[in-house]
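The file data-v2.tsv contains TSV, C-alpha atoms and all ligand atoms:
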```tsv
chain	number	residue	atom	x	y	z
A	285	MET	CA	48.50	81.08	-128.41
A	286	SER	CA	46.77	84.03	-126.83
A	287	ILE	CA	43.52	82.51	-125.68
A	288	ASP	CA	42.75	84.06	-122.37
A	289	ILE	CA	41.48	81.65	-119.71
A	290	GLU	CA	39.92	83.06	-116.56
A	291	LYS	CA	41.65	82.56	-113.22
A	292	GLU	CA	38.74	80.55	-111.80
A	293	ILE	CA	39.16	77.91	-114.52
A	294	LYS	CA	42.96	77.84	-114.28
A	295	GLU	CA	42.67	77.18	-110.54
A	296	ILE	CA	40.53	74.04	-110.94
A	297	PRO	CA	42.67	71.01	-110.04
A	298	HIS	CA	42.67	67.94	-112.27
A	299	TYR	CA	40.81	64.97	-110.83
A	300	PRO	CA	43.47	62.80	-109.11
A	301	LYS	CA	44.72	60.22	-111.63
A	302	ALA	CA	45.21	57.62	-108.91
A	303	MET	CA	41.44	57.34	-108.56
A	304	MET	CA	41.26	55.96	-112.11
A	305	TYR	CA	43.48	52.94	-111.31
A	306	GLY	CA	41.94	49.68	-110.44
A	307	ASP	CA	40.40	48.54	-113.68
A	308	ALA	CA	43.35	46.22	-113.83
A	309	ASP	CA	43.06	43.20	-111.54
A	310	GLY	CA	44.55	43.23	-108.13
A	311	TRP	CA	43.68	46.75	-106.99
A	312	ILE	CA	41.55	47.29	-103.91
A	313	ARG	CA	39.53	50.43	-104.54
A	314	LEU	CA	38.50	52.08	-101.30
A	315	ALA	CA	38.89	55.66	-102.50
A	316	SER	CA	35.75	56.66	-104.40
A	317	ASN	CA	32.84	55.39	-102.31
A	318	GLU	CA	31.67	53.00	-104.99
A	319	ASN	CA	29.72	49.86	-104.29
A	320	PRO	CA	32.28	47.03	-104.13
A	321	TYR	CA	29.81	44.46	-105.45
A	322	PRO	CA	28.75	43.91	-109.06
A	323	PRO	CA	25.24	45.15	-109.83
A	324	SER	CA	22.22	42.94	-109.32
A	325	LYS	CA	21.45	40.03	-111.66
A	326	ALA	CA	18.32	41.85	-112.81
A	327	VAL	CA	20.54	44.76	-113.92
A	328	LEU	CA	22.98	42.53	-115.79
A	329	GLU	CA	20.10	40.80	-117.61
A	330	ALA	CA	18.51	44.12	-118.57
A	331	VAL	CA	21.87	45.39	-119.87
A	332	LEU	CA	22.41	42.30	-122.02
A	333	ASP	CA	18.82	42.34	-123.32
A	334	ASN	CA	19.20	45.91	-124.50
A	335	LEU	CA	22.67	45.90	-126.02
A	336	PHE	CA	21.38	45.63	-129.60
A	337	GLY	CA	19.43	48.85	-129.14
A	338	ILE	CA	22.53	51.04	-128.88
A	339	SER	CA	22.34	51.98	-132.58
A	340	ARG	CA	19.42	54.24	-131.62
A	341	TYR	CA	19.38	57.39	-129.49
A	342	PRO	CA	18.32	56.53	-125.95
A	343	GLY	CA	14.62	56.13	-125.16
A	344	GLY	CA	13.14	54.98	-121.88
A	345	GLU	CA	13.51	58.14	-119.83
A	346	TYR	CA	9.81	58.43	-119.18
A	347	GLU	CA	9.63	54.80	-118.02
A	348	LEU	CA	12.47	55.31	-115.55
A	349	LYS	CA	10.91	58.51	-114.23
A	350	GLU	CA	7.68	56.55	-113.77
A	351	SER	CA	9.48	53.86	-111.76
A	352	ILE	CA	11.12	56.52	-109.57
A	353	ALA	CA	7.83	58.38	-109.13
A	354	LEU	CA	6.10	55.15	-108.13
A	355	LYS	CA	8.80	54.32	-105.59
A	356	PHE	CA	8.44	57.71	-103.88
A	357	GLY	CA	4.70	58.26	-104.42
A	358	ILE	CA	5.23	61.42	-106.49
A	359	LYS	CA	4.44	62.53	-110.05
A	360	THR	CA	6.74	61.84	-113.00
A	361	GLU	CA	6.92	65.61	-113.60
A	362	GLN	CA	8.67	65.90	-110.26
A	363	VAL	CA	11.65	63.84	-111.44
A	364	VAL	CA	14.54	64.80	-113.69
A	365	LEU	CA	17.33	62.43	-114.65
A	366	GLY	CA	21.01	63.21	-115.09
A	367	ASP	CA	24.24	61.70	-116.40
A	368	GLY	CA	25.20	61.02	-112.81
A	369	SER	CA	24.12	63.42	-110.09
A	370	ASP	CA	27.16	65.42	-111.23
A	371	GLU	CA	25.12	66.49	-114.25
A	372	ILE	CA	22.24	67.46	-112.00
A	373	ILE	CA	24.54	69.75	-110.01
A	374	GLU	CA	25.40	71.41	-113.32
A	375	MET	CA	21.76	71.59	-114.41
A	376	ILE	CA	20.91	73.44	-111.19
A	377	LEU	CA	23.69	75.95	-111.79
A	378	LYS	CA	22.64	76.41	-115.42
A	379	ALA	CA	18.94	76.79	-114.71
A	380	LEU	CA	19.48	79.26	-111.86
A	381	ARG	CA	21.90	81.59	-113.65
A	382	HIS	CA	20.94	85.11	-112.77
A	383	LYS	CA	22.27	88.55	-113.70
A	384	GLY	CA	22.11	89.88	-110.15
A	385	LYS	CA	22.57	87.03	-107.72
A	386	LYS	CA	25.57	84.76	-108.18
A	387	GLY	CA	26.24	83.43	-104.69
A	388	VAL	CA	26.59	79.73	-103.89
A	389	ILE	CA	27.11	78.50	-100.34
A	390	VAL	CA	28.70	75.12	-99.62
A	391	THR	CA	29.98	73.31	-96.57
A	392	GLU	CA	33.77	73.06	-96.38
A	393	PRO	CA	34.84	70.35	-96.78
A	394	SER	CA	32.13	68.65	-98.79
A	395	PHE	CA	31.85	67.00	-102.18
A	396	PRO	CA	34.28	69.11	-104.26
A	397	PHE	CA	32.21	69.20	-107.45
A	398	TYR	CA	29.73	71.75	-106.02
A	399	GLY	CA	32.56	74.26	-105.79
A	400	ILE	CA	34.22	73.30	-109.08
A	401	ALA	CA	30.98	73.50	-111.08
A	402	SER	CA	29.99	76.76	-109.37
A	403	LYS	CA	33.24	78.35	-110.54
A	404	VAL	CA	32.83	76.95	-114.06
A	405	TYR	CA	29.40	78.56	-114.30
A	406	GLY	CA	30.62	81.90	-112.97
A	407	TYR	CA	29.13	81.85	-109.45
A	408	ASN	CA	30.71	83.37	-106.33
A	409	LEU	CA	31.50	80.69	-103.80
A	410	LYS	CA	31.19	80.96	-100.01
A	411	LYS	CA	32.45	78.09	-97.88
A	412	VAL	CA	31.14	77.45	-94.38
A	413	PRO	CA	33.40	75.28	-92.17
A	414	LEU	CA	32.18	72.16	-90.41
A	415	LYS	CA	31.14	72.26	-86.80
A	416	ASN	CA	32.05	69.12	-84.84
A	417	MET	CA	32.49	67.27	-88.14
A	418	LYS	CA	28.91	68.15	-89.14
A	419	THR	CA	27.29	70.56	-91.57
A	420	ASP	CA	26.88	73.85	-89.71
A	421	LEU	CA	23.31	74.76	-90.71
A	422	LYS	CA	23.30	77.86	-88.53
A	423	GLY	CA	26.63	78.98	-90.00
A	424	ILE	CA	25.18	78.50	-93.48
A	425	LYS	CA	22.10	80.52	-92.62
A	426	ASP	CA	24.33	83.28	-91.23
A	427	ALA	CA	26.43	83.26	-94.42
A	428	ILE	CA	23.44	84.23	-96.59
A	429	ASP	CA	23.73	87.69	-98.10
A	430	SER	CA	22.04	89.68	-100.86
A	431	ASP	CA	24.05	87.75	-103.49
A	432	THR	CA	22.97	84.26	-102.38
A	433	ARG	CA	21.22	82.17	-105.02
A	434	ILE	CA	21.90	78.49	-104.21
A	435	ILE	CA	22.88	76.45	-101.13
A	436	PHE	CA	24.31	72.97	-101.68
A	437	LEU	CA	23.86	70.65	-98.71
A	438	ASN	CA	25.12	67.10	-98.61
A	439	ASN	CA	23.38	64.60	-96.33
A	440	PRO	CA	25.16	62.34	-95.30
A	441	LEU	CA	28.14	64.58	-95.74
A	442	ASN	CA	31.06	63.45	-97.87
A	443	PRO	CA	33.75	63.17	-96.39
A	444	THR	CA	32.61	62.80	-92.74
A	445	GLY	CA	29.57	60.52	-93.11
A	446	THR	CA	27.64	62.66	-90.61
A	447	ILE	CA	24.03	63.76	-91.10
A	448	PHE	CA	21.74	66.58	-90.08
A	449	LYS	CA	18.40	65.42	-88.72
A	450	GLU	CA	14.87	66.21	-89.85
A	451	ASN	CA	14.13	68.66	-87.01
A	452	GLU	CA	17.44	70.43	-87.66
A	453	PHE	CA	16.62	70.72	-91.35
A	454	LEU	CA	13.10	71.97	-90.67
A	455	ASP	CA	14.41	74.67	-88.30
A	456	PHE	CA	16.89	75.67	-91.01
A	457	ILE	CA	14.64	75.69	-94.06
A	458	LYS	CA	11.92	77.70	-92.31
A	459	GLU	CA	14.43	80.54	-91.95
A	460	ILE	CA	15.78	80.53	-95.50
A	461	PRO	CA	14.36	83.25	-97.79
A	462	ASP	CA	12.31	81.49	-100.46
A	463	HIS	CA	14.17	83.01	-103.42
A	464	ILE	CA	17.17	80.84	-102.47
A	465	LEU	CA	17.31	77.30	-103.79
A	466	VAL	CA	18.43	74.60	-101.35
A	467	ALA	CA	19.82	71.52	-103.12
A	468	VAL	CA	20.11	68.53	-100.78
A	469	ASP	CA	22.44	65.89	-102.18
A	470	GLU	CA	21.52	62.50	-100.73
A	471	ALA	CA	23.97	60.44	-102.78
A	472	TYR	CA	24.51	58.17	-99.73
A	473	GLY	CA	20.99	58.44	-98.29
A	474	GLU	CA	20.16	54.75	-98.73
A	475	PHE	CA	22.91	53.78	-96.28
A	476	VAL	CA	21.64	55.87	-93.38
A	477	GLU	CA	20.56	53.96	-90.27
A	478	ASP	CA	19.59	56.92	-88.06
A	479	ARG	CA	15.79	57.11	-87.97
A	480	ASP	CA	15.87	60.88	-87.64
A	481	PHE	CA	17.32	61.27	-91.13
A	482	PRO	CA	15.06	63.77	-92.94
A	483	GLN	CA	12.16	62.45	-94.99
A	484	SER	CA	13.18	65.11	-97.43
A	485	LEU	CA	10.30	64.59	-99.87
A	486	LYS	CA	8.09	66.28	-97.30
A	487	PHE	CA	9.79	69.58	-98.05
A	488	ILE	CA	9.69	69.82	-101.83
A	489	GLU	CA	6.28	71.46	-102.17
A	490	ALA	CA	6.46	73.92	-99.29
A	491	TYR	CA	10.04	75.08	-99.85
A	492	PRO	CA	12.41	75.61	-102.81
A	493	VAL	CA	14.19	72.34	-102.06
A	494	LEU	CA	15.59	69.87	-104.57
A	495	ILE	CA	16.68	66.37	-103.58
A	496	LEU	CA	19.55	64.78	-105.51
A	497	LYS	CA	19.98	61.03	-105.63
A	498	THR	CA	22.17	58.62	-107.55
A	499	PHE	CA	22.37	55.05	-108.78
A	500	SER	CA	26.18	55.17	-108.37
A	501	LYS	CA	26.40	54.13	-104.73
A	502	ALA	CA	23.87	51.75	-103.14
A	503	TYR	CA	22.68	50.50	-106.56
A	504	ALA	CA	26.21	49.79	-107.87
A	505	LEU	CA	25.91	51.60	-111.20
A	506	ALA	CA	28.74	54.15	-110.87
A	507	GLY	CA	30.24	53.18	-114.25
A	508	LEU	CA	26.98	53.80	-116.11
A	509	ARG	CA	26.56	57.37	-114.80
A	510	ILE	CA	22.98	57.95	-113.79
A	511	GLY	CA	21.38	60.05	-111.07
A	512	TYR	CA	18.10	61.86	-110.52
A	513	CYS	CA	16.57	64.83	-108.81
A	514	ILE	CA	13.18	65.25	-107.17
A	515	GLY	CA	11.42	68.56	-106.61
A	516	GLU	CA	8.46	70.75	-107.31
A	517	GLY	CA	7.30	70.30	-110.93
A	518	SER	CA	8.01	73.73	-112.40
A	519	LEU	CA	11.49	73.86	-110.89
A	520	ILE	CA	12.19	70.39	-112.27
A	521	SER	CA	11.01	71.44	-115.72
A	522	TYR	CA	13.49	74.37	-115.75
A	523	LEU	CA	16.32	72.01	-114.87
A	524	GLU	CA	15.21	69.65	-117.63
A	525	ARG	CA	15.44	72.41	-120.25
A	526	THR	CA	19.14	72.96	-119.58
A	527	ARG	CA	20.07	69.34	-120.20
A	528	GLN	CA	21.55	67.86	-123.33
A	529	PRO	CA	18.71	65.88	-124.95
A	530	PHE	CA	20.46	62.49	-124.75
A	531	SER	CA	22.96	62.82	-121.95
A	532	ILE	CA	21.92	59.54	-120.32
A	533	ASN	CA	22.80	56.49	-122.35
A	534	SER	CA	20.23	53.82	-123.15
A	535	ILE	CA	21.95	51.09	-121.12
A	536	ALA	CA	22.01	53.27	-118.00
A	537	LEU	CA	18.26	53.88	-118.36
A	538	VAL	CA	17.30	50.22	-118.48
A	539	ALA	CA	19.86	49.27	-115.84
A	540	ALA	CA	18.51	51.86	-113.41
A	541	ARG	CA	14.95	50.59	-113.85
A	542	ALA	CA	16.06	47.03	-113.21
A	543	ALA	CA	18.07	48.18	-110.17
A	544	LEU	CA	14.99	49.81	-108.64
A	545	SER	CA	13.03	46.60	-109.03
A	546	ASP	CA	15.51	44.49	-107.05
A	547	ASN	CA	14.87	45.18	-103.38
A	548	ASP	CA	16.76	42.09	-102.22
A	549	PHE	CA	19.96	43.37	-103.81
A	550	LEU	CA	19.62	46.68	-102.01
A	551	LYS	CA	18.89	44.94	-98.70
A	552	ASN	CA	22.04	42.83	-99.05
A	553	VAL	CA	24.17	45.86	-99.88
A	554	LEU	CA	22.90	47.72	-96.83
A	555	ASN	CA	23.37	44.70	-94.54
A	556	ASN	CA	26.93	44.21	-95.74
A	557	ASN	CA	27.67	47.88	-95.26
A	558	LYS	CA	26.42	47.66	-91.69
A	559	LYS	CA	28.63	44.62	-90.99
A	560	GLU	CA	31.72	46.17	-92.55
A	561	LYS	CA	31.12	49.38	-90.66
A	562	ALA	CA	31.14	47.43	-87.39
A	563	PHE	CA	34.35	45.69	-88.50
A	564	PHE	CA	36.06	49.02	-89.20
A	565	TYR	CA	34.91	50.49	-85.86
A	566	ARG	CA	36.33	47.45	-84.03
A	567	GLU	CA	39.64	47.49	-85.88
A	568	PHE	CA	40.18	51.25	-85.60
A	569	ASP	CA	39.37	51.03	-81.89
A	570	LYS	CA	42.00	48.28	-81.48
A	571	LEU	CA	44.51	50.50	-83.29
A	572	SER	CA	43.44	53.48	-81.14
A	573	LEU	CA	42.69	55.45	-84.30
A	574	GLU	CA	40.08	58.17	-84.03
A	575	TYR	CA	37.25	57.97	-86.60
A	576	VAL	CA	33.97	59.72	-87.26
A	577	PRO	CA	30.93	57.45	-86.76
A	578	THR	CA	29.40	57.23	-90.22
A	579	GLU	CA	25.95	56.96	-91.81
A	580	ALA	CA	27.41	56.31	-95.24
A	581	ASN	CA	29.49	53.67	-97.05
A	582	PHE	CA	32.79	55.33	-96.12
A	583	ILE	CA	34.57	56.34	-92.96
A	584	LEU	CA	36.88	59.22	-92.10
A	585	VAL	CA	39.86	58.12	-90.01
A	586	LYS	CA	42.45	60.27	-88.27
A	587	ILE	CA	45.87	58.90	-89.04
A	588	GLY	CA	47.95	61.90	-87.97
A	589	HIS	CA	50.73	63.75	-89.76
A	590	ASP	CA	51.73	60.57	-91.64
A	591	ALA	CA	48.38	60.29	-93.39
A	592	GLU	CA	49.71	61.20	-96.84
A	593	TYR	CA	52.72	58.92	-96.47
A	594	ILE	CA	50.51	56.05	-95.33
A	595	THR	CA	48.18	56.60	-98.29
A	596	LYS	CA	51.22	56.32	-100.59
A	597	ARG	CA	52.42	53.16	-98.84
A	598	LEU	CA	48.94	51.64	-99.20
A	599	PHE	CA	49.05	52.60	-102.89
A	600	GLU	CA	52.27	50.59	-103.24
A	601	GLU	CA	50.31	47.63	-101.86
A	602	ARG	CA	47.69	48.33	-104.59
A	603	ILE	CA	45.19	49.62	-102.03
A	604	LEU	CA	43.51	52.93	-102.87
A	605	VAL	CA	42.21	55.13	-100.07
A	606	ARG	CA	41.66	58.90	-100.20
A	607	TRP	CA	44.08	61.16	-98.40
A	608	MET	CA	42.07	64.16	-97.27
A	609	GLY	CA	44.70	66.85	-97.97
A	610	ALA	CA	42.61	68.21	-100.84
A	611	TYR	CA	39.67	68.47	-98.41
A	612	GLY	CA	41.75	70.53	-95.98
A	613	MET	CA	42.10	67.61	-93.55
A	614	PRO	CA	45.71	66.49	-94.03
A	615	ASP	CA	45.69	64.23	-90.93
A	616	TYR	CA	42.81	62.11	-92.24
A	617	ILE	CA	42.10	59.45	-94.81
A	618	ARG	CA	38.66	58.44	-96.09
A	619	VAL	CA	38.09	54.75	-96.61
A	620	THR	CA	35.19	53.23	-98.52
A	621	MET	CA	33.65	50.05	-97.05
A	622	GLY	CA	34.80	47.46	-99.53
A	623	LYS	CA	34.05	43.75	-99.59
A	624	SER	CA	34.78	41.90	-96.39
A	625	GLU	CA	38.04	40.39	-97.69
A	626	GLU	CA	39.20	43.74	-99.11
A	627	ASN	CA	38.62	45.49	-95.80
A	628	ARG	CA	40.63	42.84	-93.98
A	629	ILE	CA	43.53	43.16	-96.42
A	630	PHE	CA	43.41	46.96	-95.96
A	631	ILE	CA	43.47	46.69	-92.15
A	632	GLU	CA	46.37	44.21	-92.22
A	633	ALA	CA	48.33	46.48	-94.58
A	634	LEU	CA	47.57	49.50	-92.40
A	635	LYS	CA	48.76	47.67	-89.27
A	636	LYS	CA	51.97	46.63	-91.00
A	637	ILE	CA	52.68	50.17	-92.22
A	638	ILE	CA	51.87	51.78	-88.88
A	639	ARG	CA	54.19	49.38	-87.11
B	1	LIG	C1	28.08	63.68	-102.25
B	1	LIG	C2	28.21	63.21	-103.65
B	1	LIG	N1	27.36	63.67	-104.57
B	1	LIG	C3	27.43	63.27	-105.84
B	1	LIG	C4	28.40	62.39	-106.25
B	1	LIG	C5	28.48	62.03	-107.70
B	1	LIG	O1	27.60	61.02	-107.97
B	1	LIG	P1	27.29	60.55	-109.44
B	1	LIG	O2	28.11	59.34	-109.66
B	1	LIG	O3	25.82	60.29	-109.42
B	1	LIG	O4	27.64	61.67	-110.40
B	1	LIG	C6	29.32	61.88	-105.34
B	1	LIG	C7	30.35	60.94	-105.77
B	1	LIG	O5	31.22	60.52	-105.11
B	1	LIG	C8	29.23	62.31	-104.00
B	1	LIG	O6	30.09	61.90	-103.07
```
Whole structure, C-alpha cells version:
Amino acid sequence: MSIDIEKEIKEIPHYPKAMMYGDADGWIRLASNENPYPPSKAVLEAVLDNLFGISRYPGGEYELKESIALKFGIKTEQVVLGDGSDEIIEMILKALRHKGKKGVIVTEPSFPFYGIASKVYGYNLKKVPLKNMKTDLKGIKDAIDSDTRIIFLNNPLNPTGTIFKENEFLDFIKEIPDHILVAVDEAYGEFVEDRDFPQSLKFIEAYPVLILKTFSKAYALAGLRIGYCIGEGSLISYLERTRQPFSINSIALVAARAALSDNDFLKNVLNNNKKEKAFFYREFDKLSLEYVPTEANFILVKIGHDAEYITKRLFEERILVRWMGAYGMPDYIRVTMGKSEENRIFIEALKKIIR
C-alpha cells in the first residue's frame, strides 16, 4: 500500500484502551471524570418515552436550544449543540479554517483533544506551560504571533482542577486582538465553588469568545454524547454550518432537556462532589501526599516516581485512575471523585500499595 499519511496524523496516540474498561461489573472508574451516579429519574423516563422514535432522524434540537437559552437568558441563535463538546472543538476548527492564519494556542498540559483535533485539521500548535499549576494567561498572550487564529482555554483546567478568575480573564481578553477566537471550555464549570469564577456569558457580545459546555459531567450523560456552545449569533451560525446534520442522536436530545429540568439532581451531584472532595483532601493529608486543591470533580495527586507503577497496581485491583505521564506529569495521577464507597475502596487500596 502506498497511501501517504502525514506525520501529524501518524503521531497521534491511540486513546488508552484501559479507559474503556469498566462496563463489566466490578470496576471502579476514577479515570475519565465521569459522573459516578446514574442520570436523574427525569432523564431515564424521557429516554424510555422516546425509544420508539429512533426509526426517525433526530428532531428536537430547537427545543433543547430553547431550554438552554432560557436557562442562561440568551437567544436560541446563540446556542449550537454538538455530539459531545468534542464535536464542538472540531466545529470551531472547521469553521475557522483560514488560508493565512493557522495558529492554535493551548495550555500544556490541558485536555488533549484540543491539540489532537488541531493537528487533524492542519493547524500549527503552540503550547504554553502551566504556571503554579494554573493556566498562564500572560504566557498565552505573549505567545500570540501573526499566525494565531484560535486560543483554547479550559476553566477549570483538566488535569489540575484550577481556575482563572473573572478579573484575570477580563484583563486577558481586553488585550487579545479581536481577530483571534478565544474558546473557553467549561466542561467542569458546574462544579466550581469559587465565587470569582468568570460569569463568562458577559463576554460573548463584546469579545470573540465562545463558551463550551457539556452534559457529560455534572449531568451524568457522558455515554449519550452531547455538549453545547454559547456565543455571539453569527459566530454560532458559522459553527453550525460545519456540523453533520444529525450528529446528535434523538435520545441524547430528549435526555439533555430532561436533565436541565431537574435542578435537585444537579444539587445532589454538586453536594456529593463537595463531600468527596473533603474526604480526598483529608485522606491525602493523612498520607502526606501533595495534591492540587480542585474546583472540579477530579483531583491531581503527586505520588512520586512510582506513580505509573501504582496506577498499574490499582488497575490489578480493578480501580482505574489516570497516570499523568501522557500529560507530561509522570509523578502524578488524576483521580475522579467517585461514589463515597468507591473513593474509600480506592484510598484503602492506595494505602495498601504504598505500604
Ligand atoms: C476539558 C474537557 N473538555 C471536553 C471534554 C469532552 O467532553 P464531551 O464528553 O462533552 O465530549 C472533556 C472530557 O473529559 C474535558 O475534560
Subject >> Protein and nucleic residues near ligand LIG 1 (chain B), 9 Å, only C-alpha atoms and all ligand atoms, as a PyMOL selection string >> reply: chain A and resi 316-318+366-373+394-398+437-443+469-472+496-501+505-512
Original post:
Any idea what's packed within 7 Å of A:Leu523, counting all atoms listed in the file, ignoring anything in its chain fewer than 3 positions away? Could you give it as an MDAnalysis selection string?
Top reply: chainID A and resid 375:376 379 519:520 526
**OP:** Could you give me, as a list in words, the residues that sit within 12 Å of (50.9, 60.2, -89.7) in the file's coordinates, counting all atoms listed in the file?
**Re:** Leu573, Val585, Lys586, Ile587, Gly588, His589, Asp590, Ala591, Glu592, Tyr593, Ile594, Thr595, Lys596, Arg597, Trp607, Pro614, Asp615, Tyr616, Ile617, Leu634, Ile637, Ile638 and Arg639 of chain A
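Put simply, atom CA of A:Asn533 is 12.4 Å away from atom CA of A:Leu348.
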Subject >> Spatial neighbours of A:Glu361, 10 Å, all atoms listed in the file, chain gap at least 6 places, as a PyMOL selection string >> reply: chain A and resi 346+349-350+353+514-521
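Taking atom CA of A:Asp309 and atom CA of A:Ile603 as the two end points, the separation is 11.7 Å.
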**OP:** Would you mind telling me which residue in A:Ile312, A:Ile464, A:Met417, A:Val364 lies nearest to A:His382 when using all atoms listed in the file?
**Re:** A:Ile464
**OP:** Kindly provide, as a VMD selection string, the polymer residues lying within 9 Å of (20.5, 80.9, -88.2), counting all atoms listed in the file and using the coordinates exactly as they appear in the file.
**Re:** chain A and resid 421 to 427 455 to 456 459 to 460
**OP:** Using atom CA of A:Lys403 and atom CA of A:Ile434 as the two end points, give the distance in Å to one decimal.
**Re:** 13.0 Å
Original post:
If you count all atoms listed in the file, which residues fall within 10 Å of A:Gly384, apart from same-chain ones fewer than 6 positions away, as JSON, numbers by chain?
Top reply: {"A": [430, 431, 432, 433]}
Original post:
Of the candidates A:Val619, A:Val412, A:Leu332, A:Ala610, which one gets nearest to A:Tyr575 if we count all atoms listed in the file?
Top reply: A:Val619
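Closest approach to A:Leu354 among A:Thr620, A:Asn581, A:Ser534, A:Ser545: A:Ser545, based on only C-alpha atoms.
Residues in contact with A:Glu345 at 9 Å, where all atoms listed in the file are counted and same-chain residues fewer than 6 positions away are skipped, are listed as Leu365, Ile532, Ser534, Leu537 and Val538 of chain A.
With all atoms listed in the file as the basis for measurement, A:Gly344 is the residue among A:Pro461, A:Pro413, A:Pro320, A:Gly344 that approaches A:Arg541 most closely.
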Subject >> Top pick for closest residue to A:Glu626, considering A:Met608, A:Phe564, A:Pro529, A:Ala536 and counting all atoms listed in the file >> reply: A:Phe564
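Nearest residue to A:Leu494 among A:Glu579, A:Thr446, A:Val363, A:Ile287 is A:Val363, counting all atoms listed in the file.
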Since fewer atoms than expected are present, regenerate all heavy atoms for stretch 598-604 of chain A and write them as a short mmCIF file (atom, residue, chain, number, x, y, z; two decimals), in the frame of the given file.
```cif
data_model
loop_
_atom_site.label_atom_id
_atom_site.label_comp_id
_atom_site.auth_asym_id
_atom_site.auth_seq_id
_atom_site.Cartn_x
_atom_site.Cartn_y
_atom_site.Cartn_z
N LEU A 598 50.07 52.52 -98.86
CA LEU A 598 48.94 51.64 -99.20
C LEU A 598 48.85 51.50 -100.72
O LEU A 598 48.61 50.41 -101.26
CB LEU A 598 47.63 52.18 -98.63
CG LEU A 598 47.47 52.06 -97.11
CD1 LEU A 598 46.33 52.94 -96.60
CD2 LEU A 598 47.21 50.59 -96.72
N PHE A 599 49.08 52.61 -101.43
CA PHE A 599 49.05 52.60 -102.89
C PHE A 599 50.06 51.59 -103.43
O PHE A 599 49.79 50.84 -104.38
CB PHE A 599 49.33 54.01 -103.41
CG PHE A 599 49.27 54.15 -104.90
CD1 PHE A 599 48.06 54.40 -105.54
CD2 PHE A 599 50.42 54.05 -105.67
CE1 PHE A 599 48.00 54.52 -106.92
CE2 PHE A 599 50.36 54.17 -107.05
CZ PHE A 599 49.15 54.41 -107.67
N GLU A 600 51.24 51.55 -102.79
CA GLU A 600 52.27 50.59 -103.24
C GLU A 600 51.81 49.15 -103.04
O GLU A 600 52.25 48.24 -103.72
CB GLU A 600 53.58 50.83 -102.47
CG GLU A 600 54.31 52.08 -102.96
CD GLU A 600 55.35 52.61 -101.96
OE1 GLU A 600 55.71 51.87 -101.00
OE2 GLU A 600 55.76 53.76 -102.13
N GLU A 601 50.90 48.97 -102.09
CA GLU A 601 50.31 47.63 -101.86
C GLU A 601 49.08 47.44 -102.74
O GLU A 601 48.30 46.54 -102.52
CB GLU A 601 49.90 47.47 -100.39
CG GLU A 601 50.97 47.76 -99.37
CD GLU A 601 51.81 46.54 -99.02
OE1 GLU A 601 51.31 45.42 -99.19
OE2 GLU A 601 52.97 46.74 -98.62
N ARG A 602 48.84 48.34 -103.67
CA ARG A 602 47.69 48.33 -104.59
C ARG A 602 46.36 48.49 -103.84
O ARG A 602 45.35 47.89 -104.18
CB ARG A 602 47.69 47.06 -105.46
CG ARG A 602 48.91 47.02 -106.38
CD ARG A 602 49.07 45.69 -107.05
NE ARG A 602 48.28 45.56 -108.27
CZ ARG A 602 48.63 46.04 -109.46
NH1 ARG A 602 49.78 46.69 -109.58
NH2 ARG A 602 47.87 45.86 -110.51
N ILE A 603 46.42 49.30 -102.77
CA ILE A 603 45.19 49.62 -102.03
C ILE A 603 44.96 51.13 -102.15
O ILE A 603 45.83 51.92 -101.76
CB ILE A 603 45.31 49.22 -100.54
CG1 ILE A 603 45.56 47.71 -100.43
CG2 ILE A 603 44.06 49.63 -99.76
CD1 ILE A 603 45.96 47.26 -99.03
N LEU A 604 43.81 51.50 -102.69
CA LEU A 604 43.51 52.93 -102.87
C LEU A 604 42.59 53.42 -101.76
O LEU A 604 41.50 52.89 -101.57
CB LEU A 604 42.77 53.16 -104.20
CG LEU A 604 43.52 52.83 -105.48
CD1 LEU A 604 42.57 53.00 -106.68
CD2 LEU A 604 44.71 53.75 -105.64
#
```
